[in-house]
Amino acid sequence: MGTPTGDSGRAGALVGKGWAQGVALVMIFGFLVMGILAYRTYTASMPMPDKVVTETGRQLFTGDDITRGQELFQARGLMQYGSVLGHGAYLGPDYTAEYLRLATENVAGQFQAQGVPDPHNEVVAEFRTNRYNADTGTLVFTDKQARAFADIQRHYAEYFGEDSTKYGLLPRMITDPGEIRDLTAFFAWTAWASAADRPGHTYSYTNNWPSEPRVDNGPTGSVVVWSMLSLIALLGGIGIMFTVYGRWSQNIGWHGTEMTKLEFRQPGDVPLTRSQRAAIWIFAVVAVLFLAQTLLGGAVEHYRADLSAFYGIDLAKILPYNLARTWHLQLSLFWTAAAFLAGGIFLVPFITRREPGKQSVLVYGLLGALAVVVFGSLAFEALSIFGVIKPGTALSQQWEFLDLPRLFQVLLIVGLFLWIFIIWRGMRAKLATTSKMNLPWLFFFTGLAIPSFYAVSLLAGSDTHFSVADFWRFWMVHLWVEDFLELFTTAMVAYIFVQLGVVRERVALLVILLDIILYSAGGVIGTMHHLYFSGTPVEHMALGAFFSAAEVIPLTFLTVEA
């Protein structure tokens with residue numbers, strides 16, 4: 001049966017408009033809710049004080065000091081060593097939890113020195129009482145908290161100034177007193193937010209994370225309620241899915257009864273275009289990056305077994321843990337993204353049966369841009385961790401998963417848009433002759449989402465408020481990696497199956513559209529499961545828990561369908 005043709009000469013749509021409307025409704029709902037959550041992130045997250053003072057008015061540190069400490073935390077790769085508010089690496093401590101523990105122990109010791117035998121209630125009052133004045137932007141630390149801050153500065157001066165590699169870090173990594181003060185201010189701010197009661201509530205800005213009995217931090221009622229509701233949503237959703245599947249699965253239209261004729265040719269009989277031959281070099285780069293990531297993974301895991309030596313070599317002097325993990329994580333993203341780029345370029349000539357002139361020149365240009373971004377960012381991440389690059393600049397390391405310096409982040413986005421231009425240039429003749437509901441356009445749209453959604457990560461700058469940066473950082477991590485890359489994978493695989501003749505184009509379309517609806521229904525809002533304890537309002541946790549649980553339902557559906 002041939003493809004229907006409209007009056008305009010375009011090939012008609014192979015599926016009904018209801019599928020497009022279903023996709024549109026899911027996307028509009030999901031991103032409308034995300035827009036509301038973005039607004040709440042900016043307006044109701046843990047506040048950044050303009051200044052922190054003692055009860056007598058003496059200034060301890062400022063909001064600018066906190067921001068500089070945050071930038072230093074990123075630039076020296078400490079988010080790839082330890083964590084803050086639970087986000088980062090786990091070889092080192094979570095500095096929020098550690099500061100809170102050290103501060104509460106210090107304050108308890110001060111109370112005991114004054115003759116209080118069991119100062120638990122006094123310590124709880126010290127840390128849970130919220131002394132932030134939103135009108136003046138001033139946060140007040142009690143005199144005991146201020147003394148603890150000074151003592152903890154000395155602790156971190158000794159820790160990061162250690163003249164050895166026993167922690168898996170560079171010797172004397174941070175020794176400047178001003179930098180130690182800024183870094184401690186950053187940790188102190190996050191610890192304050194993790195214990196101080198959110199105004200109008202009896203739990204902290206981080207929903208009582210971390211669990212810390214010294215300040216009565218424990219699971220909140222919201223945590224319990226939404227955890228149970230998410231479980232109900234999961235089980236109920238699976239039950240509804242089975243009901244719908246059993247009632248209407250045979251009416252969906254992909255269980256065709258006609259025989260499909262398969263025809264295969266040997267690889268040597270398939271001519272390759274110049275752009276496809278150029279794309280082979282990108283696949284070669286993918287293999288090299290994958291090998292490098294594997295070797296770095298071995299070094300990273302060895303650190304967990306032995307911090308002091310790597311088979312007799314003091315590895316941390318040249319490849320400290322935070323640099324090894326930075327490169328390991330970045331390479332995993334680079335080779336995956338590069339494989340998608342090469343796969344899309346390689347597939348286009350098979351789809352269109354033609355190739356525009358000079359297409360291979362653009363592909364080689366993309367290969368060069370890829371090399372600049374990959375090797376340039378890796379080099380400057382090392383320079384940043386070794387302290388050569390000033391924190392908070394376009395060449396210093398950034399947040400976990402977005403470690404590549406801002407300059408190379410921008411260059412990567414430019415490269416991704418160059419890639420989608422190459423895809424469009426190769427497919428434009430095909431796109432002009434078919435409905436926007438058909439497979440060529442769907443292939444192009446899922447590809448266009450890759451650079452578009454990665455570009456959102458630019459909103460998470462090194463100096464951006466932690467909660468806001470986490471929102472946009474995980475928008476990229478969750479939606480870009482776990483949703484839109486997966487959708488492009490589905491489109492590529494579907495097109496390959498169509499080219500091989502094992503799947504009809506209409507069936508491939510239905511699978512992709514259903515994939516978009518099912519994954520996006522839970523996946524878009526489910527992004528918020530990363531922000532339970534990032535200082536955001538409780539609705540982030542509630543919606544994140546509920547819709548994140550729903551993400552499992554499509555997997556169950558696809559398993560049954562298989």
# chains A, B, ... in the order shown; residues from 1 in each chain; ligands from 1
call {"tool": "residues_around", "arguments": {"residues": "stretch 149-156 of chain A", "least_positions_apart": "3", "cutoff": "9 Å", "atoms": "only C-alpha atoms", "output": "PyMOL selection string"}}
result
chain A and resi 60+99+102-103+106+144-146+159-161+177+180-181+183-185+188
call {"tool": "write_last_selection", "arguments": {"atoms": "C-alpha atoms", "output": "JSON list (two decimals), in the first residue's frame"}}
result
[["chain", "number", "residue", "atom", "x", "y", "z"],
["A", 60, "LEU", "CA", 31.37, 37.31, 59.45],
["A", 99, "TYR", "CA", 29.89, 21.41, 58.47],
["A", 102, "LEU", "CA", 31.25, 20.01, 63.18],
["A", 103, "ALA", "CA", 29.27, 23.14, 64.05],
["A", 106, "ASN", "CA", 31.40, 22.75, 68.58],
["A", 144, "LYS", "CA", 28.44, 30.38, 69.53],
["A", 145, "GLN", "CA", 27.79, 29.73, 65.83],
["A", 146, "ALA", "CA", 30.27, 32.48, 64.96],
["A", 159, "TYR", "CA", 42.42, 19.66, 55.52],
["A", 160, "PHE", "CA", 43.00, 21.37, 52.16],
["A", 161, "GLY", "CA", 46.48, 22.50, 53.16],
["A", 177, "PRO", "CA", 43.33, 32.15, 53.93],
["A", 180, "ILE", "CA", 39.54, 29.00, 52.84],
["A", 181, "ARG", "CA", 37.23, 31.60, 54.39],
["A", 183, "LEU", "CA", 34.89, 28.08, 50.90],
["A", 184, "THR", "CA", 33.89, 27.69, 54.56],
["A", 185, "ALA", "CA", 31.28, 30.43, 54.11],
["A", 188, "ALA", "CA", 28.22, 27.25, 56.31]]
call {"tool": "select_by_dssp", "arguments": {"residues": "stretch 381-548 of chain A", "states": "alpha helix (DSSP H)", "output": "ChimeraX atom specification"}}
result
/A:381-385,406-431,439-455,466-474,485-500,505-523,538-548
call {"tool": "residues_around", "arguments": {"residues": "A:Tyr321", "least_positions_apart": "2", "cutoff": "12 Å", "atoms": "only C-alpha atoms", "output": "count of residues only"}}
result
45
call {"tool": "residues_around", "arguments": {"residues": "A:Gln398", "least_positions_apart": "2", "cutoff": "7 Å", "atoms": "only C-alpha atoms", "output": "list in words"}}
result
Gln74, Ala75, Ser396, Glu400, Leu402, Asp403, Leu404, Pro405 and Ser462 of chain A
call {"tool": "residues_around", "arguments": {"residues": "A:Tyr132", "least_positions_apart": "3", "cutoff": "9 Å", "atoms": "only C-alpha atoms", "output": "list of chain:residue names"}}
result
A:Pro47, A:Pro49, A:Val52, A:Thr136, A:Gly137, A:Thr138, A:Leu139, A:Val140
call {"tool": "residues_around", "arguments": {"residues": "A:Thr67", "least_positions_apart": "3", "cutoff": "9 Å", "atoms": "only C-alpha atoms", "output": "PyMOL selection string"}}
result
chain A and resi 62-64+70-72+182-183+185-186+462-465
call {"tool": "atom_distance", "arguments": {"atom1": "atom CA of A:Leu272", "atom2": "atom CA of A:Phe346"}}
result
8.9 Å
call {"tool": "residues_around", "arguments": {"residues": "A:Val493", "least_positions_apart": "4", "cutoff": "12 Å", "atoms": "only C-alpha atoms", "output": "list in words"}}
result
Phe340, Gly343, Gly344, Leu347, Leu439, Phe443, Glu486, Leu487, Phe488, Thr489, Phe497, Val498, Gln499, Leu500, Val502, Val503, Glu505, Ala508, Leu509, Val511 and Ile512 of chain A
call {"tool": "write_last_selection", "arguments": {"atoms": "N, CA, C and O atoms", "output": "PDB file, in the first residue's frame"}}
result
ATOM      1  N   PHE A 340      26.052   9.804  18.808  1.00  0.00           N
ATOM      2  CA  PHE A 340      24.778  10.266  18.260  1.00  0.00           C
ATOM      3  C   PHE A 340      25.002  11.126  17.020  1.00  0.00           C
ATOM      4  O   PHE A 340      24.287  11.002  16.018  1.00  0.00           O
ATOM      5  N   GLY A 343      26.097   8.875  14.196  1.00  0.00           N
ATOM      6  CA  GLY A 343      24.999   8.018  13.775  1.00  0.00           C
ATOM      7  C   GLY A 343      23.985   8.765  12.932  1.00  0.00           C
ATOM      8  O   GLY A 343      23.513   8.249  11.904  1.00  0.00           O
ATOM      9  N   GLY A 344      23.636   9.979  13.334  1.00  0.00           N
ATOM     10  CA  GLY A 344      22.688  10.770  12.554  1.00  0.00           C
ATOM     11  C   GLY A 344      23.222  11.102  11.177  1.00  0.00           C
ATOM     12  O   GLY A 344      22.512  10.980  10.167  1.00  0.00           O
ATOM     13  N   LEU A 347      23.280   8.043   8.867  1.00  0.00           N
ATOM     14  CA  LEU A 347      21.975   7.514   8.472  1.00  0.00           C
ATOM     15  C   LEU A 347      21.289   8.359   7.404  1.00  0.00           C
ATOM     16  O   LEU A 347      20.522   7.830   6.585  1.00  0.00           O
ATOM     17  N   LEU A 439       7.921  10.183   9.255  1.00  0.00           N
ATOM     18  CA  LEU A 439       9.173   9.810   9.906  1.00  0.00           C
ATOM     19  C   LEU A 439      10.339  10.762   9.634  1.00  0.00           C
ATOM     20  O   LEU A 439      11.113  11.059  10.550  1.00  0.00           O
ATOM     21  N   PHE A 443      12.328  12.437  12.725  1.00  0.00           N
ATOM     22  CA  PHE A 443      13.769  12.229  12.883  1.00  0.00           C
ATOM     23  C   PHE A 443      14.468  13.579  13.071  1.00  0.00           C
ATOM     24  O   PHE A 443      15.321  13.744  13.951  1.00  0.00           O
ATOM     25  N   GLU A 486      17.345   9.723  24.322  1.00  0.00           N
ATOM     26  CA  GLU A 486      16.668   8.439  24.163  1.00  0.00           C
ATOM     27  C   GLU A 486      15.640   8.493  23.027  1.00  0.00           C
ATOM     28  O   GLU A 486      15.473   7.522  22.280  1.00  0.00           O
ATOM     29  N   LEU A 487      14.968   9.632  22.893  1.00  0.00           N
ATOM     30  CA  LEU A 487      14.010   9.760  21.802  1.00  0.00           C
ATOM     31  C   LEU A 487      14.711   9.726  20.450  1.00  0.00           C
ATOM     32  O   LEU A 487      14.219   9.116  19.496  1.00  0.00           O
ATOM     33  N   PHE A 488      15.866  10.391  20.341  1.00  0.00           N
ATOM     34  CA  PHE A 488      16.607  10.361  19.077  1.00  0.00           C
ATOM     35  C   PHE A 488      17.111   8.944  18.799  1.00  0.00           C
ATOM     36  O   PHE A 488      17.140   8.500  17.648  1.00  0.00           O
ATOM     37  N   THR A 489      17.495   8.240  19.864  1.00  0.00           N
ATOM     38  CA  THR A 489      17.886   6.835  19.694  1.00  0.00           C
ATOM     39  C   THR A 489      16.721   6.023  19.123  1.00  0.00           C
ATOM     40  O   THR A 489      16.896   5.237  18.181  1.00  0.00           O
ATOM     41  N   PHE A 497      15.333   0.101  11.183  1.00  0.00           N
ATOM     42  CA  PHE A 497      14.443  -1.044  10.979  1.00  0.00           C
ATOM     43  C   PHE A 497      13.577  -0.854   9.733  1.00  0.00           C
ATOM     44  O   PHE A 497      13.294  -1.805   9.009  1.00  0.00           O
ATOM     45  N   VAL A 498      13.137   0.394   9.509  1.00  0.00           N
ATOM     46  CA  VAL A 498      12.351   0.670   8.300  1.00  0.00           C
ATOM     47  C   VAL A 498      13.201   0.440   7.057  1.00  0.00           C
ATOM     48  O   VAL A 498      12.753  -0.163   6.066  1.00  0.00           O
ATOM     49  N   GLN A 499      14.446   0.906   7.081  1.00  0.00           N
ATOM     50  CA  GLN A 499      15.341   0.724   5.935  1.00  0.00           C
ATOM     51  C   GLN A 499      15.615  -0.752   5.667  1.00  0.00           C
ATOM     52  O   GLN A 499      15.740  -1.180   4.527  1.00  0.00           O
ATOM     53  N   LEU A 500      15.706  -1.534   6.744  1.00  0.00           N
ATOM     54  CA  LEU A 500      15.949  -2.977   6.589  1.00  0.00           C
ATOM     55  C   LEU A 500      14.694  -3.719   6.136  1.00  0.00           C
ATOM     56  O   LEU A 500      14.776  -4.852   5.662  1.00  0.00           O
ATOM     57  N   VAL A 502      12.182  -4.518   8.207  1.00  0.00           N
ATOM     58  CA  VAL A 502      11.621  -5.366   9.269  1.00  0.00           C
ATOM     59  C   VAL A 502      10.447  -4.689   9.981  1.00  0.00           C
ATOM     60  O   VAL A 502       9.722  -5.334  10.724  1.00  0.00           O
ATOM     61  N   VAL A 503      10.275  -3.379   9.779  1.00  0.00           N
ATOM     62  CA  VAL A 503       9.180  -2.638  10.394  1.00  0.00           C
ATOM     63  C   VAL A 503       8.601  -1.694   9.342  1.00  0.00           C
ATOM     64  O   VAL A 503       9.343  -1.057   8.590  1.00  0.00           O
ATOM     65  N   GLU A 505       6.826   1.746   8.071  1.00  0.00           N
ATOM     66  CA  GLU A 505       7.062   3.116   8.508  1.00  0.00           C
ATOM     67  C   GLU A 505       5.962   3.584   9.458  1.00  0.00           C
ATOM     68  O   GLU A 505       6.224   4.293  10.430  1.00  0.00           O
ATOM     69  N   ALA A 508       6.684   2.239  12.872  1.00  0.00           N
ATOM     70  CA  ALA A 508       7.799   2.983  13.475  1.00  0.00           C
ATOM     71  C   ALA A 508       7.321   4.325  14.013  1.00  0.00           C
ATOM     72  O   ALA A 508       7.705   4.755  15.106  1.00  0.00           O
ATOM     73  N   LEU A 509       6.458   5.001  13.241  1.00  0.00           N
ATOM     74  CA  LEU A 509       5.917   6.282  13.689  1.00  0.00           C
ATOM     75  C   LEU A 509       5.119   6.124  14.981  1.00  0.00           C
ATOM     76  O   LEU A 509       5.273   6.915  15.920  1.00  0.00           O
ATOM     77  N   VAL A 511       5.340   3.823  17.261  1.00  0.00           N
ATOM     78  CA  VAL A 511       6.216   3.506  18.390  1.00  0.00           C
ATOM     79  C   VAL A 511       6.905   4.767  18.902  1.00  0.00           C
ATOM     80  O   VAL A 511       6.980   5.016  20.115  1.00  0.00           O
ATOM     81  N   ILE A 512       7.415   5.608  17.989  1.00  0.00           N
ATOM     82  CA  ILE A 512       8.113   6.829  18.405  1.00  0.00           C
ATOM     83  C   ILE A 512       7.152   7.787  19.107  1.00  0.00           C
ATOM     84  O   ILE A 512       7.462   8.345  20.167  1.00  0.00           O
TER      85      ILE A 512
END
